[in-house]
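Below is structure.cif, which holds mmCIF, C-alpha atoms.
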```cif
data_run
loop_
_atom_site.label_atom_id
_atom_site.label_comp_id
_atom_site.auth_asym_id
_atom_site.auth_seq_id
_atom_site.Cartn_x
_atom_site.Cartn_y
_atom_site.Cartn_z
CA MET D 7 3.40 45.27 -18.05
CA LEU D 8 6.08 45.36 -15.34
CA GLU D 9 5.51 41.70 -14.48
CA ILE D 10 5.86 40.77 -18.17
CA LEU D 11 9.15 42.67 -18.36
CA ARG D 12 10.45 40.95 -15.25
CA LEU D 13 9.68 37.57 -16.81
CA ILE D 14 11.53 38.60 -19.98
CA MET D 15 14.62 39.81 -18.15
CA PRO D 16 14.70 39.24 -14.38
CA ALA D 17 15.83 42.32 -12.51
CA LEU D 18 18.75 42.55 -10.13
CA THR D 19 17.85 42.68 -6.48
CA GLU D 20 17.28 46.11 -5.02
CA ASP D 21 20.37 45.67 -2.86
CA GLU D 22 22.47 44.96 -5.95
CA ILE D 23 21.12 48.03 -7.74
CA HIS D 24 21.92 50.24 -4.75
CA LYS D 25 25.47 48.83 -4.66
CA ILE D 26 26.01 49.53 -8.36
CA ALA D 27 24.72 53.07 -8.00
CA ALA D 28 27.09 53.67 -5.10
CA VAL D 29 30.29 52.45 -6.77
CA GLU D 30 30.01 52.70 -10.57
CA GLU D 31 31.66 56.12 -10.83
CA ARG D 32 34.77 55.22 -8.82
CA GLN D 33 35.28 51.46 -8.61
CA TRP D 34 38.16 50.17 -10.73
CA TRP D 35 36.20 47.67 -12.87
CA TYR D 36 33.40 50.09 -13.77
CA ARG D 37 35.75 53.01 -14.49
CA GLY D 38 38.37 50.98 -16.29
CA THR D 39 36.11 48.93 -18.55
CA ARG D 40 33.96 51.97 -19.33
CA ASP D 41 37.03 53.90 -20.49
CA ILE D 42 38.19 50.93 -22.59
CA CYS D 43 34.80 50.35 -24.19
CA PHE D 44 34.33 53.95 -25.21
CA SER D 45 37.86 54.17 -26.58
CA LEU D 46 37.17 51.06 -28.69
CA LEU D 47 33.81 52.42 -29.84
CA HIS D 48 35.01 55.92 -30.71
CA PRO D 49 36.69 55.18 -34.09
CA PHE D 50 33.44 53.75 -35.44
CA ILE D 51 31.29 56.76 -34.51
CA ALA D 52 33.81 59.59 -34.90
CA GLY D 53 32.45 62.24 -37.20
CA ARG D 54 28.83 61.23 -36.70
CA THR D 55 26.84 64.10 -35.25
CA SER D 56 23.52 64.30 -33.43
CA MET D 57 23.11 60.55 -33.24
CA ASP D 58 19.96 58.92 -31.90
CA ILE D 59 21.23 56.50 -29.24
CA LEU D 60 19.59 53.83 -27.11
CA ASP D 61 21.30 52.17 -24.14
CA VAL D 62 19.49 48.90 -23.45
CA GLY D 63 19.49 47.80 -19.82
CA CYS D 64 20.95 51.14 -18.77
CA GLY D 65 21.07 50.29 -15.06
CA THR D 66 21.78 53.30 -12.85
CA GLY D 67 23.03 55.44 -15.73
CA GLY D 68 26.82 55.52 -15.59
CA ASN D 69 27.28 54.62 -19.25
CA LEU D 70 24.32 56.68 -20.41
CA LEU D 71 25.95 59.80 -18.98
CA ARG D 72 28.95 59.16 -21.27
CA LEU D 73 26.73 58.42 -24.27
CA ASN D 74 25.12 61.84 -23.93
CA HIS D 75 28.32 63.33 -25.39
CA TYR D 76 27.58 61.65 -28.74
CA GLY D 77 24.02 62.74 -29.39
CA ARG D 78 20.49 62.26 -28.07
CA ALA D 79 20.94 59.34 -25.71
CA ARG D 80 18.02 57.52 -24.17
CA GLY D 81 17.89 54.43 -21.99
CA ILE D 82 15.53 51.62 -21.11
CA ASP D 83 15.66 49.26 -18.18
CA VAL D 84 13.42 46.53 -16.87
CA ASP D 85 13.62 47.72 -13.26
CA PRO D 86 11.77 50.82 -12.02
CA LEU D 87 14.47 51.44 -9.40
CA CYS D 88 17.08 51.77 -12.16
CA VAL D 89 14.77 54.09 -14.07
CA ASP D 90 14.38 56.24 -10.94
CA TYR D 91 18.14 56.43 -10.40
CA CYS D 92 18.64 57.57 -14.00
CA ARG D 93 15.89 60.16 -13.89
CA GLN D 94 17.43 61.63 -10.72
CA LYS D 95 20.53 62.26 -12.88
CA GLY D 96 18.42 64.03 -15.50
CA LEU D 97 18.60 61.16 -17.99
CA ASP D 98 15.87 60.23 -20.49
CA VAL D 99 14.96 56.69 -19.38
CA SER D 100 11.83 54.55 -19.48
CA LEU D 101 10.81 50.99 -18.74
CA GLY D 102 11.73 48.45 -21.41
CA SER D 103 13.87 45.41 -22.12
CA MET D 104 16.08 43.92 -24.80
CA GLU D 105 13.03 42.10 -26.15
CA ALA D 106 10.69 45.08 -25.83
CA LEU D 107 12.75 48.01 -27.13
CA GLY D 108 9.75 50.24 -27.80
CA GLN D 109 11.49 51.99 -30.73
CA PRO D 110 10.28 52.53 -34.33
CA ARG D 111 12.01 50.67 -37.13
CA ALA D 112 15.17 52.31 -38.50
CA SER D 113 15.08 55.10 -35.88
CA LEU D 114 18.49 54.75 -34.18
CA ASP D 115 22.12 55.36 -35.11
CA LEU D 116 23.73 53.62 -32.14
CA LEU D 117 22.50 50.91 -29.77
CA THR D 118 24.55 49.85 -26.75
CA MET D 119 24.36 47.23 -24.01
CA PHE D 120 26.64 46.77 -21.03
CA ASP D 121 26.29 43.33 -19.45
CA VAL D 122 22.71 42.78 -20.57
CA LEU D 123 22.57 40.10 -23.31
CA ASN D 124 23.97 37.54 -20.85
CA GLN D 125 20.57 37.59 -19.14
CA ALA D 126 19.00 35.87 -22.16
CA GLU D 127 19.07 32.17 -22.89
CA PRO D 128 21.63 31.32 -25.60
CA ARG D 129 18.89 30.17 -28.01
CA GLU D 130 17.26 33.61 -27.77
CA ALA D 131 20.33 35.70 -28.63
CA VAL D 132 19.99 35.77 -32.43
CA GLY D 133 16.36 36.83 -32.26
CA ILE D 134 17.11 39.56 -29.75
CA VAL D 135 20.03 41.00 -31.71
CA SER D 136 18.03 40.76 -34.96
CA GLY D 137 15.36 42.88 -33.28
CA MET D 138 18.03 45.43 -32.51
CA ALA D 139 19.05 45.48 -36.17
CA ASP D 140 15.43 46.34 -37.02
CA VAL D 141 15.49 49.58 -34.99
CA LEU D 142 18.86 50.73 -36.35
CA ARG D 143 19.17 52.79 -39.51
CA PRO D 144 21.26 51.38 -42.39
CA GLY D 145 24.90 51.56 -41.32
CA GLY D 146 23.88 51.89 -37.67
CA ILE D 147 26.21 50.64 -34.95
CA ILE D 148 25.65 48.11 -32.19
CA ALA D 149 28.17 47.87 -29.35
CA PHE D 150 28.13 45.77 -26.22
CA ARG D 151 30.23 44.51 -23.32
CA GLU D 152 29.43 41.06 -21.95
CA PRO D 153 30.97 38.47 -19.60
CA ALA D 154 33.32 36.17 -21.50
CA MET D 155 34.58 32.60 -21.52
CA PRO D 156 32.56 29.89 -19.72
CA MET D 157 35.57 28.85 -17.66
CA ALA D 158 35.35 32.21 -15.85
CA ARG D 159 31.91 31.38 -14.45
CA GLY D 160 31.63 31.74 -10.67
CA TRP D 161 29.51 32.98 -7.79
CA HIS D 162 28.97 36.36 -9.45
CA ASP D 163 27.19 34.65 -12.36
CA GLN D 164 24.78 32.92 -10.00
CA ALA D 165 24.15 36.02 -7.94
CA VAL D 166 23.25 38.29 -10.88
CA ASN D 167 21.58 35.68 -13.10
CA ILE D 168 24.21 35.45 -15.86
CA ARG D 169 22.84 32.76 -18.19
CA GLN D 170 25.65 32.73 -20.75
CA ARG D 171 29.24 33.82 -21.24
CA PHE D 172 30.47 34.77 -24.67
CA THR D 173 33.46 34.05 -26.91
CA THR D 174 34.78 36.20 -29.74
CA GLY D 175 33.98 33.48 -32.26
CA GLY D 176 30.47 33.10 -30.94
CA VAL D 177 29.82 36.84 -31.07
CA SER D 178 31.13 37.04 -34.64
CA ALA D 179 28.70 34.30 -35.67
CA LEU D 180 25.90 36.04 -33.74
CA PHE D 181 26.53 39.30 -35.59
CA LEU D 182 26.45 37.63 -38.99
CA ALA D 183 23.26 35.71 -38.19
CA ALA D 184 21.52 38.86 -36.96
CA GLY D 185 22.43 41.09 -39.91
CA PHE D 186 25.58 42.83 -38.68
CA GLN D 187 29.11 43.13 -40.01
CA PRO D 188 31.60 42.54 -37.17
CA LEU D 189 33.88 45.56 -36.82
CA ARG D 190 35.82 44.81 -33.63
CA ILE D 191 35.53 42.00 -31.08
CA THR D 192 38.07 41.61 -28.32
CA TYR D 193 38.44 40.23 -24.83
CA LEU D 194 38.96 42.55 -21.84
CA ASN D 195 40.30 42.14 -18.30
CA THR D 196 43.08 39.83 -19.45
CA LEU D 197 45.84 40.55 -16.93
CA LEU D 198 43.61 39.52 -14.02
CA PHE D 199 42.13 36.54 -15.84
CA PRO D 200 44.33 33.83 -14.19
CA PRO D 201 43.65 34.76 -10.54
CA ILE D 202 39.96 35.44 -11.23
CA VAL D 203 39.50 32.03 -12.89
CA LEU D 204 41.31 30.25 -10.06
CA LEU D 205 39.11 31.97 -7.50
CA ARG D 206 35.95 31.13 -9.41
CA GLN D 207 36.93 27.49 -9.85
CA PHE D 208 37.29 27.34 -6.08
CA GLN D 209 33.89 29.01 -5.71
CA ARG D 210 32.25 26.43 -7.96
CA SER D 211 33.46 23.70 -5.61
CA ARG D 212 31.52 25.25 -2.73
CA GLN D 213 27.80 25.37 -1.98
CA PRO D 214 25.76 27.56 -4.38
CA LYS D 215 23.90 29.14 -1.48
CA LEU D 216 27.13 30.97 -0.59
CA ALA D 217 27.12 32.80 -3.95
CA LYS D 218 27.38 36.58 -3.95
CA SER D 219 28.17 39.15 -6.60
CA ASP D 220 31.54 40.82 -7.15
CA VAL D 221 30.05 44.32 -6.91
CA GLU D 222 31.65 46.07 -3.97
CA ASP D 223 33.63 49.18 -3.21
CA THR D 224 37.37 48.56 -3.44
CA ARG D 225 39.65 50.25 -0.94
CA GLU D 226 42.66 52.33 -1.85
CA PRO D 227 45.38 51.77 -2.88
CA ILE D 228 44.07 48.47 -4.32
CA ASN D 229 41.43 50.27 -6.36
CA SER D 230 44.04 52.48 -8.04
CA VAL D 231 46.37 49.54 -8.71
CA LEU D 232 43.64 47.51 -10.40
CA LEU D 233 42.51 50.54 -12.39
CA ALA D 234 46.11 51.02 -13.58
CA LEU D 235 46.16 47.41 -14.84
CA LEU D 236 43.03 48.02 -16.89
CA ARG D 237 44.54 51.21 -18.28
CA LEU D 238 47.56 49.18 -19.40
CA GLU D 239 45.16 46.91 -21.26
CA GLY D 240 43.50 49.95 -22.77
CA ALA D 241 46.85 51.11 -24.13
CA ALA D 242 47.57 47.65 -25.58
CA LEU D 243 44.15 47.56 -27.24
CA ARG D 244 45.08 50.55 -29.39
CA GLY D 245 47.11 48.18 -31.52
CA MET D 246 45.84 44.66 -30.90
CA ASN D 247 43.01 42.46 -29.69
CA LEU D 248 43.48 40.55 -26.46
CA PRO D 249 43.39 36.73 -26.73
CA PHE D 250 41.35 35.95 -23.60
CA GLY D 251 39.65 37.73 -20.73
CA VAL D 252 36.87 37.86 -18.19
CA SER D 253 34.80 40.19 -20.42
CA LEU D 254 34.57 41.06 -24.10
CA PHE D 255 33.57 44.10 -26.11
CA ALA D 256 32.05 43.94 -29.57
CA VAL D 257 31.15 46.49 -32.23
CA GLY D 258 29.07 45.67 -35.31
CA LYS D 259 27.55 47.59 -38.22
CA LYS D 260 24.09 46.95 -39.65
CA THR D 261 24.41 45.55 -43.16
#
```
Let me see the structure of the file written as structure tokens.
Amino acid sequence: MLEILRLIMPALTEDEIHKIAAVEERQWWYRGTRDICFSLLHPFIAGRTSMDILDVGCGTGGNLLRLNHYGRARGIDVDPLCVDYCRQKGLDVSLGSMEALGQPRASLDLLTMFDVLNQAEPREAVGIVSGMADVLRPGGIIAFREPAMPMARGWHDQAVNIRQRFTTGGVSALFLAAGFQPLRITYLNTLLFPPIVLLRQFQRSRQPKLAKSDVEDTREPINSVLLALLRLEGAALRGMNLPFGVSLFAVGKKT
């Protein structure tokens, strides 16, 4: 079964998983985008109590810990090392993938993904998200963060097997095709978009064998400065969508 799951959604390397586990509670990108995503999600689940929640591709559990505040949150991940990290935190996690959810039909109120759907081939996305609609109850919510805009592709994409980057228009069409009403779709990490794209264009001009991921601990005071920039974006997102960015966040409702 594990080999089948790895073919469906190739796992990160063990080294990459250890790095994520070490930094995801303090590093600026993880903290900042997590705060933004949950602030964007909150209006659509406020007032719902005791929700049944599934975090698909839960990694080492940083987002699942936050989801526990909203109801009975469970996670699945394709990699046993991620499952072990989560269970050490007392989280309810088992092996599974975005194509093998292992959930009964109409059994969930909220399904989340954080940088998971990008691991699928573009032609597979509608089928995968339609399968997620099947396990949600009527009116259930799907929410996900994914890498955005093909021009932002760089070494990180190669290192962690990102197969597609998303646009707001593409996600809106994906939602409609899979049986969801789009509720909110916006780009994130906009202020740093220009320097990140310039760096990644330079990276693409170099040999692919040099590729490495962006996951690393960021020293102070740089970490705090970058986190402050994301918090500025979070404040702006209270009243508007951002027009471009390195990532996007989307919320949809099962129709």
For this session: List, as a ChimeraX atom specification, every residue that the PyMOL selection byres ((chain D and resi 167) around 10) selects in the file provided.
Result: /D:15-18,124-126,161-166,168-170,219
Problem set entry | Output check: residues returned by the PyMOL selection byres ((chain D and resi 80-93) around 8), as a ChimeraX atom specification | /D:8,11-12,15-18,20,23,27,59-67,70,78-79,94-103,107
Hits from the PyMOL selection byres ((chain D and resi 174) around 8), listed as a PDB file with C-alpha atoms, in the coordinates of the input:
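Result went into result_27.pdb, see below:
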```
ATOM      1  CA  PHE D 172      30.470  34.770 -24.670  1.00  0.00           C
ATOM      2  CA  THR D 173      33.460  34.050 -26.910  1.00  0.00           C
ATOM      3  CA  GLY D 175      33.980  33.480 -32.260  1.00  0.00           C
ATOM      4  CA  GLY D 176      30.470  33.100 -30.940  1.00  0.00           C
ATOM      5  CA  VAL D 177      29.820  36.840 -31.070  1.00  0.00           C
ATOM      6  CA  SER D 178      31.130  37.040 -34.640  1.00  0.00           C
ATOM      7  CA  ILE D 191      35.530  42.000 -31.080  1.00  0.00           C
ATOM      8  CA  THR D 192      38.070  41.610 -28.320  1.00  0.00           C
ATOM      9  CA  TYR D 193      38.440  40.230 -24.830  1.00  0.00           C
ATOM     10  CA  LEU D 254      34.570  41.060 -24.100  1.00  0.00           C
TER      11      LEU D 254
END
```
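Of note, atom CA of D:Ala234 and atom CA of D:Leu197 are spaced 11.0 Å apart.
Pairwise distance (atom CA of D:Ile42, atom CA of D:Leu233) equals 11.1 Å.
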Selection: 10 Å around D:Ile202, only C-alpha atoms, excl. self and same-chain fewer than 3 positions, as a tab-separated table (two decimals) with C-alpha atoms, in the coordinates of the input:
```
chain	number	residue	atom	x	y	z
D	158	ALA	CA	35.35	32.21	-15.85
D	159	ARG	CA	31.91	31.38	-14.45
D	160	GLY	CA	31.63	31.74	-10.67
D	195	ASN	CA	40.30	42.14	-18.30
D	196	THR	CA	43.08	39.83	-19.45
D	197	LEU	CA	45.84	40.55	-16.93
D	198	LEU	CA	43.61	39.52	-14.02
D	199	PHE	CA	42.13	36.54	-15.84
D	205	LEU	CA	39.11	31.97	-7.50
D	206	ARG	CA	35.95	31.13	-9.41
D	207	GLN	CA	36.93	27.49	-9.85
D	208	PHE	CA	37.29	27.34	-6.08
D	251	GLY	CA	39.65	37.73	-20.73
D	252	VAL	CA	36.87	37.86	-18.19
```
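One finds atom CA of D:Thr39 at 13.5 Å from atom CA of D:Ala242.
Among the candidate residues D:Gln187, D:Met138, D:Leu116, D:Pro153, the one lying nearest to D:Met104 is D:Met138, with distances computed using only C-alpha atoms.
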